[in-house]
Amino acid sequence: MKTAAIELKEVSILSQGMPILQDVTLSIDEGEFVGIFGPNGGGKTTLLKLLMGFLKPDHGSIRLFDQTPEKIRHRIGYVPQIHHIDPDFPITVRELIAMGLLSRRPYFGRLSKTVLEECENWMEQLGLLNHKDKAYGELSGGLAQRALLARALISDPDLILLDEPTAHIDASSMAIFLRTLEKFKNRKTILLVSHDLKTIMQHSARLLCVQNKVATLQPHEICDHFNNGLYHTASRFE
C-alpha cells in the first residue's frame with residue numbers, strides 16, 4: 001500500500017478577504033509525478049508556497065510525509081520561474097548549486113571537497129561543466145534553469161516542486177530538464193506546474209487543474225479547450 005506524501009484537508013487561503021484557494025482536499029502518494037495547470041491567478045504558486053510552509057492556510061490542514069511543511073522543508077527541492085531569481089546576484093554557477101546543500105549541510109568559507117564533487121556530478125549531468133565558474137547572471141535562460149534544477153536536486157530531496165521551470169527556455173534545455181526529471185519517477189514525489197499541457201500530459205500520471213478549487217484529471221480527460229485557456233471544470237468541483 002502506497003504512503004501519502006502530501007495530504008490537504010479542506011484547505012482554504014484568503015487574500016484581502018477573497019479566496020485564492022478554497023476547500024482543497026487532496027492526497028498525493030509517494031513517487032507520484034503530478035502535473036499542475038490552470039489560469040494565471042488561479043492559485044498554482046500559492047499551492048506550492050503552502051506546501052513549502054511559506055504561507056499558512058486560513059482553514060484546513062496540510063501534512064507532508066505525515067509532518068507539517070515547516071518540519072520537512074529540508075526534504076523539499078524547489079525550482080522557481082526563472083524571473084524570480086535576481087540575475088545580477090554575484091554568485092557563480094557552482095556556488096549557486098552548492099547552496100542546495102545548505103539545508104542539510106551548512107558550510108562556511110570554502111566549499112569542501114565532497115561538496116565540490118557533488119556539484120561537479122550534477123553539472124556534468126546537466127551539461128553545465130563548461131559554465132561552472134561563470135556568473136549565474138551570464139547564463140542563458142535554459143542554462144540558468146538547469147543550474148536551478150541542479151541546486152534543487154543536489155540535496156536528494158523527497159519532494160520536488162517546480163513552478164513553470166520550462167517557460168521560455170530553449171528546446172535543448174527543456175529536453176535535458178525533462179529527461180532528468182524522468183529519472184526520478186516512482187522514486188521521488190514530483191509536482192510540475194506548467195502551461196505546456198502537452199508536456200505535462202506526457203510525463204504525468206495525473207493532473208491537477210487549479211483555479212480557486214482543485215480538480216484531479218487523467219491525461220485522457222484533457223480536451224483541446226484547455227489549450228485555449230478554457231478550463232471548464234466547474235462540474236468537477238461540485
# chains A, B, ... in the order shown; residues from 1 in each chain; ligands from 1

call {"tool": "select_by_dssp", "arguments": {"residues": "range 96-136 of chain A", "states": "alpha helix (DSSP H)", "output": "list in words"}}
result
Leu96, Ile97, Ala98, Lys113, Thr114, Val115, Leu116, Glu117, Glu118, Cys119, Glu120, Asn121, Trp122, Met123, Glu124 and Gln125 of chain A

call {"tool": "residues_around", "arguments": {"residues": "Ser194 in chain A", "least_positions_apart": "2", "cutoff": "6 Å", "atoms": "only C-alpha atoms", "output": "JSON, numbers by chain"}}
result
{"A": [37, 164, 196]}

call {"tool": "write_last_selection", "arguments": {"atoms": "N, CA, C and O atoms", "output": "short mmCIF file (atom, residue, chain, number, x, y, z; two decimals), in the first residue's frame"}}
result
data_model
loop_
_atom_site.label_atom_id
_atom_site.label_comp_id
_atom_site.auth_asym_id
_atom_site.auth_seq_id
_atom_site.Cartn_x
_atom_site.Cartn_y
_atom_site.Cartn_z
N PHE A 37 -1.82 22.61 -13.77
CA PHE A 37 -2.07 23.68 -14.72
C PHE A 37 -3.29 24.46 -14.27
O PHE A 37 -3.98 24.09 -13.31
N GLU A 164 6.60 26.30 -13.17
CA GLU A 164 6.80 26.71 -14.56
C GLU A 164 8.29 26.81 -14.92
O GLU A 164 8.75 27.82 -15.45
N ASP A 196 2.29 24.35 -20.38
CA ASP A 196 2.50 23.48 -21.54
C ASP A 196 1.81 22.14 -21.28
O ASP A 196 2.38 21.20 -20.74
#

call {"tool": "closest_atom_pairs", "arguments": {"of": "range 159-186 of chain A", "to": "range 63-83 of chain A", "cutoff": "8 Å", "atoms": "only C-alpha atoms", "output": "JSON lines"}}
result
{"residue": "A:Leu159", "atom": "CA", "partner": "A:Ile76", "partner_atom": "CA", "distance": 4.8}
{"residue": "A:Ile160", "atom": "CA", "partner": "A:Gly77", "partner_atom": "CA", "distance": 4.7}
{"residue": "A:Leu161", "atom": "CA", "partner": "A:Tyr78", "partner_atom": "CA", "distance": 4.8}
{"residue": "A:Leu162", "atom": "CA", "partner": "A:Val79", "partner_atom": "CA", "distance": 4.7}
{"residue": "A:Asp163", "atom": "CA", "partner": "A:Pro80", "partner_atom": "CA", "distance": 5.0}
{"residue": "A:Glu164", "atom": "CA", "partner": "A:Gln81", "partner_atom": "CA", "distance": 5.5}
{"residue": "A:Pro165", "atom": "CA", "partner": "A:Gln81", "partner_atom": "CA", "distance": 5.3}
{"residue": "A:Ala167", "atom": "CA", "partner": "A:Gln81", "partner_atom": "CA", "distance": 7.5}

call {"tool": "residues_around", "arguments": {"residues": "Val93 in chain A", "least_positions_apart": "6", "cutoff": "7 Å", "atoms": "only C-alpha atoms", "output": "PyMOL selection string"}}
result
chain A and resi 131-136+147

call {"tool": "select_by_dssp", "arguments": {"residues": "range 48-203 of chain A", "states": "strand (DSSP E or B)", "output": "list in words"}}
result
His59, Gly60, Ser61, Ile62, Arg63, Leu64, Gln67, Ile76, Gly77, Tyr78, Val79, Thr92, Ala135, Leu159, Ile160, Leu161, Leu162, Asp163, Thr189, Ile190, Leu191, Leu192 and Val193 of chain A

call {"tool": "closest_residue", "arguments": {"among": "A:Ala175, A:Val24, A:Leu101, A:Leu192", "to": "Thr114 in chain A", "atoms": "only C-alpha atoms"}}
result
A:Leu101

call {"tool": "closest_residue", "arguments": {"among": "A:Leu139, A:Lys183, A:Gln218, A:Leu178", "to": "Asp88 in chain A", "atoms": "only C-alpha atoms"}}
result
A:Leu139
